[in-house]
file entry_22.txt (compact mmCIF, C-alpha atoms)
# COMPACT_ATOMS: atom_id res chain seq x y z
CA MET A 651 132.71 102.12 46.06
CA ALA A 652 134.30 102.04 49.51
CA CYS A 653 131.22 103.72 51.00
CA LEU A 654 129.02 101.04 49.44
CA LEU A 655 131.22 98.33 50.82
CA VAL A 656 131.47 99.79 54.29
CA SER A 657 127.72 100.18 54.50
CA ALA A 658 127.68 96.55 55.58
CA PHE A 659 129.51 97.59 58.75
CA LEU A 660 126.49 98.45 60.85
CA LEU A 661 124.87 95.13 60.00
CA VAL A 662 128.12 93.37 60.90
CA LEU A 663 128.13 94.56 64.47
CA GLN A 664 124.40 94.40 65.13
CA THR A 665 122.64 91.93 67.36
CA SER A 666 118.95 91.38 67.55
CA ALA A 667 117.32 94.09 69.63
CA ALA A 668 113.93 92.51 70.13
CA PRO A 669 112.38 89.15 70.88
CA PRO A 670 111.67 86.82 67.96
CA GLU A 671 109.11 88.18 65.52
CA ALA A 672 106.03 86.01 65.50
CA ALA A 673 103.93 87.00 62.50
CA GLN A 674 105.28 88.62 59.36
CA PRO A 675 108.80 90.00 58.96
CA GLY A 676 108.98 93.24 60.89
CA SER A 677 106.26 92.45 63.40
CA SER A 678 107.19 92.66 67.08
CA ALA A 679 106.10 90.23 69.76
CA ALA A 680 106.83 90.79 73.42
CA PRO A 681 107.79 87.70 75.40
CA GLY A 682 104.88 85.93 77.05
CA PRO A 683 104.01 86.14 80.72
CA GLY A 684 106.62 84.57 82.93
CA ALA A 685 109.14 84.35 80.09
CA ALA A 686 112.69 83.72 81.16
CA PRO A 687 115.38 86.35 80.54
CA PRO A 688 117.20 86.12 77.20
CA ALA A 689 119.22 82.94 76.75
CA ASN A 690 122.49 84.87 76.55
CA LEU A 691 121.87 86.06 80.12
CA SER A 692 121.97 82.57 81.61
CA ALA A 693 124.27 82.46 84.58
CA ASP A 694 127.75 80.97 84.27
CA PRO A 695 129.42 79.35 87.27
CA PRO A 696 130.40 82.22 89.60
CA LEU A 697 133.99 83.37 89.40
CA ALA A 698 135.86 85.45 91.93
CA PRO A 699 135.68 89.11 90.83
CA PRO A 700 138.93 90.97 90.13
CA PRO A 701 140.17 92.64 93.33
CA GLY A 702 138.87 96.18 93.75
CA THR A 703 135.93 95.76 91.36
CA SER A 704 132.18 95.76 91.85
CA LYS A 705 129.00 95.56 89.81
CA ARG A 706 127.32 98.93 89.41
CA ALA A 707 124.26 100.28 87.65
CA PRO A 708 125.13 101.86 84.29
CA HIS A 709 126.49 105.37 84.09
CA GLY A 710 125.61 105.38 80.38
CA ILE A 711 123.00 103.53 78.34
CA ILE A 712 122.83 103.08 74.57
CA ILE A 713 119.07 103.29 74.12
CA GLY A 714 118.80 102.59 70.38
CA VAL A 715 117.79 102.59 67.74
CA ARG A 716 117.34 99.01 66.54
CA LYS A 717 119.40 98.49 63.34
CA GLY A 718 120.96 101.90 63.87
CA GLY A 719 124.46 100.73 64.79
CA THR A 720 124.18 100.06 68.52
CA ARG A 721 126.47 97.02 68.48
CA ALA A 722 129.06 98.88 66.43
CA LEU A 723 128.98 101.77 68.89
CA LEU A 724 129.31 99.52 71.94
CA GLU A 725 132.16 97.49 70.46
CA MET A 726 134.05 100.65 69.52
CA LEU A 727 133.41 102.28 72.87
CA ASP A 728 134.62 99.14 74.63
CA ILE A 729 138.10 99.93 73.30
CA HIS A 730 138.32 102.63 75.93
CA PRO A 731 140.08 101.46 79.12
CA GLU A 732 137.70 103.50 81.29
CA VAL A 733 134.61 101.70 79.94
CA ALA A 734 133.16 98.44 81.22
CA ALA A 735 130.57 97.28 78.69
CA ALA A 736 127.77 94.81 79.37
CA ALA A 737 128.04 91.99 76.85
CA ALA A 738 124.34 91.20 76.41
CA GLU A 739 121.20 93.18 75.70
CA VAL A 740 119.43 93.17 79.05
CA HIS A 741 115.93 94.41 78.08
CA PHE A 742 115.34 95.48 81.66
CA PHE A 743 113.45 98.71 81.06
CA ASP A 744 111.36 97.56 78.09
CA TRP A 745 110.30 94.04 79.11
CA ASP A 746 107.83 94.01 82.01
CA GLU A 747 108.81 90.59 83.31
CA ASN A 748 112.47 91.64 83.54
CA TYR A 749 111.64 94.98 85.15
CA ALA A 750 109.58 93.16 87.77
CA ARG A 751 112.76 91.36 88.88
CA GLY A 752 114.04 94.61 90.35
CA PHE A 753 117.16 96.76 90.24
CA ASP A 754 119.32 94.29 92.16
CA TRP A 755 118.69 91.70 89.45
CA TYR A 756 119.56 94.30 86.81
CA ARG A 757 122.79 95.34 88.53
CA GLU A 758 123.92 91.72 88.78
CA LEU A 759 123.86 91.53 84.98
CA MET A 760 126.39 94.35 84.69
CA PRO A 761 130.13 93.66 84.33
CA TYR A 762 132.58 94.09 87.17
CA SER A 763 134.23 97.48 86.94
CA TYR A 764 136.96 99.42 88.73
CA PRO A 765 136.21 102.72 90.49
CA HIS A 766 137.78 104.72 87.65
CA GLN A 767 135.57 103.04 85.01
CA ILE A 768 132.01 103.70 83.88
CA THR A 769 129.54 100.93 83.11
CA VAL A 770 127.67 101.04 79.79
CA GLU A 771 124.85 98.79 78.60
CA LYS A 772 122.91 98.83 75.36
CA THR A 773 119.42 97.64 74.53
CA PRO A 774 118.09 99.08 71.25
CA GLY A 775 114.49 98.41 72.20
CA TYR A 776 114.58 101.14 74.85
CA PHE A 777 114.23 103.98 72.34
CA THR A 778 110.85 102.83 71.04
CA SER A 779 109.52 101.63 74.41
CA PRO A 780 106.79 103.85 75.89
CA LEU A 781 107.84 102.97 79.46
CA ALA A 782 111.66 102.90 79.24
CA PRO A 783 112.31 106.66 79.69
CA GLU A 784 110.31 106.92 82.91
CA ARG A 785 111.80 103.70 84.28
CA ILE A 786 115.38 104.74 83.50
CA ARG A 787 114.83 108.12 85.13
CA ALA A 788 113.51 106.36 88.25
CA MET A 789 116.82 104.47 88.44
CA ASN A 790 119.10 107.45 87.82
CA ALA A 791 117.88 110.87 86.70
CA SER A 792 121.44 111.89 85.75
CA VAL A 793 122.34 108.85 83.62
CA ARG A 794 123.95 109.64 80.24
CA LEU A 795 122.00 108.40 77.23
CA LEU A 796 123.46 107.53 73.83
CA LEU A 797 121.21 107.30 70.77
CA ILE A 798 122.67 106.20 67.45
CA LEU A 799 120.54 106.85 64.37
CA ARG A 800 120.87 106.30 60.65
CA ASP A 801 118.79 107.24 57.62
CA PRO A 802 115.31 106.08 58.73
CA ALA A 803 114.40 104.59 55.33
CA GLU A 804 117.61 102.56 55.26
CA ARG A 805 116.90 101.51 58.84
CA VAL A 806 113.51 100.13 57.75
CA ILE A 807 115.21 97.99 55.10
CA SER A 808 117.81 96.74 57.60
CA ASP A 809 115.03 95.88 60.01
CA TYR A 810 113.23 93.86 57.33
CA THR A 811 116.47 92.14 56.30
CA GLN A 812 117.23 90.97 59.83
CA VAL A 813 113.75 89.53 60.33
CA TYR A 814 113.75 88.01 56.82
CA PHE A 815 116.88 85.97 57.49
CA ASN A 816 115.75 85.06 61.01
CA ARG A 817 112.55 83.61 59.56
CA LEU A 818 114.43 81.74 56.83
CA GLU A 819 116.70 80.15 59.41
CA SER A 820 113.62 79.15 61.44
CA HIS A 821 111.95 77.69 58.31
CA LYS A 822 109.11 80.21 58.55
CA PRO A 823 107.38 81.83 55.57
CA VAL A 824 108.63 85.21 54.36
CA GLN A 825 107.23 88.02 52.26
CA ALA A 826 108.83 90.44 49.83
CA ILE A 827 109.49 93.79 51.44
CA GLU A 828 107.13 95.55 49.02
CA ASN A 829 104.22 93.43 50.28
CA LEU A 830 104.89 94.66 53.81
CA LEU A 831 105.55 98.29 52.94
CA VAL A 832 102.44 98.69 50.79
CA ARG A 833 98.88 97.52 51.44
CA ASN A 834 96.00 98.23 49.03
CA GLY A 835 98.16 100.66 47.08
CA ALA A 836 99.05 102.82 50.09
CA LEU A 837 102.04 102.82 52.38
CA ASN A 838 101.48 100.50 55.33
CA ALA A 839 102.35 102.95 58.09
CA ARG A 840 101.41 100.35 60.72
CA TYR A 841 104.29 98.09 59.68
CA LYS A 842 106.45 97.95 62.80
CA ALA A 843 109.68 98.55 60.92
CA ILE A 844 108.25 101.90 59.79
CA GLN A 845 106.97 102.70 63.27
CA ARG A 846 110.48 102.26 64.67
CA SER A 847 111.78 104.83 62.16
CA LEU A 848 109.44 107.60 63.36
CA TYR A 849 112.25 109.15 65.37
CA ASP A 850 110.28 112.27 66.28
CA VAL A 851 107.48 110.27 67.91
CA HIS A 852 109.85 108.35 70.16
CA MET A 853 112.10 111.33 70.89
CA ARG A 854 109.18 113.36 72.25
CA ASN A 855 108.63 110.65 74.84
CA TRP A 856 112.27 110.76 75.95
CA LEU A 857 112.27 114.55 76.17
CA ARG A 858 109.38 114.37 78.63
CA HIS A 859 111.75 112.72 81.09
CA PHE A 860 115.27 113.89 80.16
CA PRO A 861 116.70 117.19 78.93
CA LEU A 862 118.16 117.15 75.43
CA GLU A 863 121.62 117.86 76.87
CA GLN A 864 121.51 114.44 78.54
CA ILE A 865 120.93 112.57 75.26
CA HIS A 866 123.86 112.41 72.85
CA ILE A 867 122.92 111.53 69.28
CA VAL A 868 125.52 109.60 67.29
CA ASP A 869 125.27 109.87 63.52
CA GLY A 870 125.33 106.22 62.48
CA ASP A 871 125.83 107.04 58.80
CA THR A 872 128.93 109.07 59.66
CA LEU A 873 130.17 106.40 62.05
CA ILE A 874 130.47 103.82 59.27
CA ARG A 875 132.40 106.22 57.02
CA ASP A 876 134.73 107.72 59.61
CA PRO A 877 134.41 106.25 63.12
CA LEU A 878 136.92 108.34 65.05
CA PRO A 879 135.25 111.81 65.07
CA GLU A 880 131.94 110.35 66.27
CA LEU A 881 133.67 108.38 69.02
CA GLN A 882 135.63 111.43 70.16
CA LYS A 883 132.31 113.24 70.64
CA VAL A 884 131.08 110.30 72.71
CA GLU A 885 134.23 110.41 74.83
CA ARG A 886 133.58 114.06 75.62
CA PHE A 887 129.90 113.45 76.36
CA LEU A 888 130.75 110.66 78.82
CA ASN A 889 133.58 112.72 80.38
CA LEU A 890 136.15 110.13 79.35
CA SER A 891 139.80 110.90 78.71
CA PRO A 892 140.65 110.93 74.97
CA ARG A 893 142.02 107.42 74.47
CA ILE A 894 140.42 106.12 71.25
CA ALA A 895 142.80 106.73 68.33
CA PRO A 896 142.98 106.21 64.54
CA SER A 897 145.17 103.17 65.14
CA ASN A 898 142.18 101.42 66.71
CA PHE A 899 140.48 101.02 63.32
CA TYR A 900 141.38 99.53 59.99
CA PHE A 901 139.38 98.98 56.85
CA ASN A 902 139.23 95.31 55.93
CA GLN A 903 139.30 95.23 52.13
CA THR A 904 138.17 91.62 51.98
CA LYS A 905 135.17 92.05 54.25
CA GLY A 906 134.38 95.56 53.06
CA PHE A 907 133.98 97.23 56.44
CA TYR A 908 135.96 98.62 59.36
CA CYS A 909 137.32 96.30 62.02
CA ILE A 910 138.77 97.03 65.45
CA ARG A 911 142.36 96.84 66.66
CA SER A 912 143.06 97.03 70.40
CA ASP A 913 145.29 95.39 73.01
CA GLY A 914 147.40 93.89 70.24
CA ARG A 915 144.40 92.08 68.73
CA GLU A 916 142.34 92.63 65.61
CA ARG A 917 138.71 91.61 65.49
CA CYS A 918 135.74 91.65 63.19
CA LEU A 919 132.47 89.92 63.93
CA HIS A 920 131.32 86.66 62.40
CA GLU A 921 131.26 86.37 58.62
CA SER A 922 127.54 85.55 58.73
CA LYS A 923 126.93 89.20 59.58
CA GLY A 924 126.72 91.94 56.98
CA ARG A 925 123.90 90.43 54.98
CA PRO A 926 123.02 92.34 51.80
CA HIS A 927 119.83 94.37 51.64
CA PRO A 928 117.19 93.41 49.09
CA ALA A 929 116.61 95.60 46.08
CA VAL A 930 113.46 97.63 46.77
CA ASN A 931 111.07 98.78 44.07
CA GLY A 932 111.94 102.42 43.35
CA THR A 933 108.35 103.66 43.51
CA VAL A 934 107.77 101.96 46.84
CA LEU A 935 111.02 103.34 48.23
CA GLN A 936 109.98 106.86 47.21
CA GLN A 937 106.64 106.38 48.96
CA LEU A 938 108.49 105.41 52.11
CA ARG A 939 110.86 108.37 51.92
CA ARG A 940 108.02 110.82 51.32
CA TYR A 941 106.17 109.51 54.34
CA LEU A 942 109.23 109.80 56.57
CA ARG A 943 110.26 113.26 55.37
CA GLU A 944 107.94 115.27 57.62
CA HIS A 945 108.79 113.09 60.60
CA ASN A 946 112.47 113.78 59.90
CA ARG A 947 111.85 117.53 59.84
CA ASN A 948 110.01 117.31 63.14
CA PHE A 949 112.91 115.36 64.61
CA TYR A 950 115.43 117.98 63.43
CA ARG A 951 113.44 120.65 65.25
CA LEU A 952 113.28 118.59 68.43
CA VAL A 953 117.02 117.94 68.60
CA LYS A 954 118.13 121.27 67.09
CA ARG A 955 120.29 119.70 64.38
CA SER A 956 119.84 118.13 60.96
CA PHE A 957 121.10 115.02 59.20
CA ASP A 958 121.79 114.05 55.61
CA TRP A 959 118.77 111.78 55.31
CA GLN A 960 116.97 111.57 51.99
call {"tool": "encode", "arguments": {"input": "entry_22.txt", "output": "C-alpha cells"}}
result
Amino acid sequence: MACLLVSAFLLVLQTSAAPPEAAQPGSSAAPGPGAAPPANLSADPPLAPPPGTSKRAPHGIIIGVRKGGTRALLEMLDIHPEVAAAAAEVHFFDWDENYARGFDWYRELMPYSYPHQITVEKTPGYFTSPLAPERIRAMNASVRLLLILRDPAERVISDYTQVYFNRLESHKPVQAIENLLVRNGALNARYKAIQRSLYDVHMRNWLRHFPLEQIHIVDGDTLIRDPLPELQKVERFLNLSPRIAPSNFYFNQTKGFYCIRSDGRERCLHESKGRPHPAVNGTVLQQLRRYLREHNRNFYRLVKRSFDWQ
C-alpha cells in the first residue's frame, strides 16, 4: 500500500517541461516566433551577489525525461551543499528563440555559486529534442548529463494526466485517454505522449554526441521507493562528497509520499500536486505495453542495463 501511495511522489515534484499544449491532451506546441522566455524567468530587481560567487554555465544538466521525476531529482540534489541548482526550466537548448539569445543570456539565468560548488539545471524537454545534444556538446563537451526514467507506459499516463488537468484549468475541451491512445482500433503511435516514451529513439541521438559514461541514468521508479541509494550514485557520478543522508527524507503518511528535510526545515510541494492517474482500459493498456516492449529491449541494449518495466 505504501508503494501505491508513494507513487504520487514523482507527480508531486514535477513541473511542466514543455510549452502549453495547443490541440489535444498530449500534443506539443513549440512557442511561436519571437516568443518571450518562460514567465518564471522574468527578471527580478538585481541584488548584490554573495561575495565570492559568480554565475557559471552548468557542470551538470538533468536532460529529462518529462514526467520521469526531474523535479524530484533536482529538489533532492539541491540538498547537497556543493550544488547550486537553477530554479526554473530554462529551455535554452530545445527552444530556438532562446538558443538564439546566446550563451551569455543562458549563463545569466544560472544561480550564483561558490568556487567549490557545481551548477545544475534541468529541462526535461532536452531528452526528446533533436537539436539539444549537439547544442549542449558545443557548449561543453565534458558536461555531466543526468537522465531520470520511469516505466514508459506509466510515463505516458502521467503525461496525459498533466495535460488533462492543464486543459481543464484553462477551460479547454479534453478527451479520455483511450481516445488518444487508440485510433481506428490500432494504437496511435503518433500520440506525442507515446513518442516521448520511445527511450531508445531519443537515446541513440544522445549517444551520437556523448559517450554513455557521460550520461548517468537514474531509475525513477526506484527513486520514489528508496531515494537515498539513487542519490548516492548521483553524488559519485558528479564527483560530489557524500553528504546526502537518510535523515534528509521522511515519508509523509498524510500526503502519501516522501518529503525533504534539510537545514532544519521540512518541505513538500504544493498540495495541488500529486494528481491521481485515470483508470485506463486494460486492453488498451496492454496494447500500449506491447508496443513499448521492443523499444524497451532496444534501450536496454543501448545503455547496457535493464529495468523492471512491464
call {"tool": "closest_residue", "arguments": {"input": "entry_22.txt", "among": "A:Ile844, A:Ala839, A:Leu795, A:Ala803", "to": "Phe860 (chain A)", "atoms": "all atoms listed in the file"}}
result
A:Leu795
call {"tool": "atom_distance", "arguments": {"input": "entry_22.txt", "atom1": "CA of Thr720 (chain A)", "atom2": "CA of Lys822 (chain A)"}}
result
26.8 Å
call {"tool": "atom_distance", "arguments": {"input": "entry_22.txt", "atom1": "CA of Glu916 (chain A)", "atom2": "CA of Ala735 (chain A)"}}
result
18.2 Å
call {"tool": "closest_atom_pairs", "arguments": {"input": "entry_22.txt", "of": "region 837-877 of chain A", "to": "region 905-914 of chain A", "cutoff": "9 Å", "atoms": "all atoms listed in the file", "output": "JSON lines"}}
result
{"residue": "A:Ile874", "atom": "CA", "partner": "A:Tyr908", "partner_atom": "CA", "distance": 7.6}
{"residue": "A:Arg875", "atom": "CA", "partner": "A:Tyr908", "partner_atom": "CA", "distance": 8.7}
{"residue": "A:Pro877", "atom": "CA", "partner": "A:Tyr908", "partner_atom": "CA", "distance": 8.6}
call {"tool": "closest_atom_pairs", "arguments": {"input": "entry_22.txt", "of": "region 815-932 of chain A", "to": "region 759-771 of chain A", "cutoff": "10 Å", "atoms": "all atoms listed in the file", "output": "Markdown table"}}
result
| residue | atom | partner | partner_atom | distance |
| --- | --- | --- | --- | --- |
| A:Leu888 | CA | A:Ile768 | CA | 8.7 |
| A:Asn889 | CA | A:Ile768 | CA | 9.8 |
| A:Leu890 | CA | A:Ile768 | CA | 8.9 |
call {"tool": "closest_residue", "arguments": {"input": "entry_22.txt", "among": "A:Asn931, A:Pro774, A:Val813, A:Pro783", "to": "Val832 (chain A)", "atoms": "only C-alpha atoms"}}
result
A:Asn931
call {"tool": "closest_residue", "arguments": {"input": "entry_22.txt", "among": "A:Val715, A:Val934, A:Leu831, A:Ala750", "to": "Ser847 (chain A)", "atoms": "all atoms listed in the file"}}
result
A:Val715
call {"tool": "closest_residue", "arguments": {"input": "entry_22.txt", "among": "A:Leu796, A:Leu878, A:Ile713, A:Met853", "to": "Leu952 (chain A)", "atoms": "all atoms listed in the file"}}
result
A:Met853
call {"tool": "residues_around", "arguments": {"input": "entry_22.txt", "residues": "Thr778 (chain A)", "least_positions_apart": "6", "cutoff": "12 Å", "atoms": "all atoms listed in the file", "output": "ChimeraX atom specification"}}
result
/A:667-668,678,713-716,743-745,797,842-856
call {"tool": "atom_distance", "arguments": {"input": "entry_22.txt", "atom1": "CA of Tyr950 (chain A)", "atom2": "CA of Leu724 (chain A)"}}
result
24.6 Å
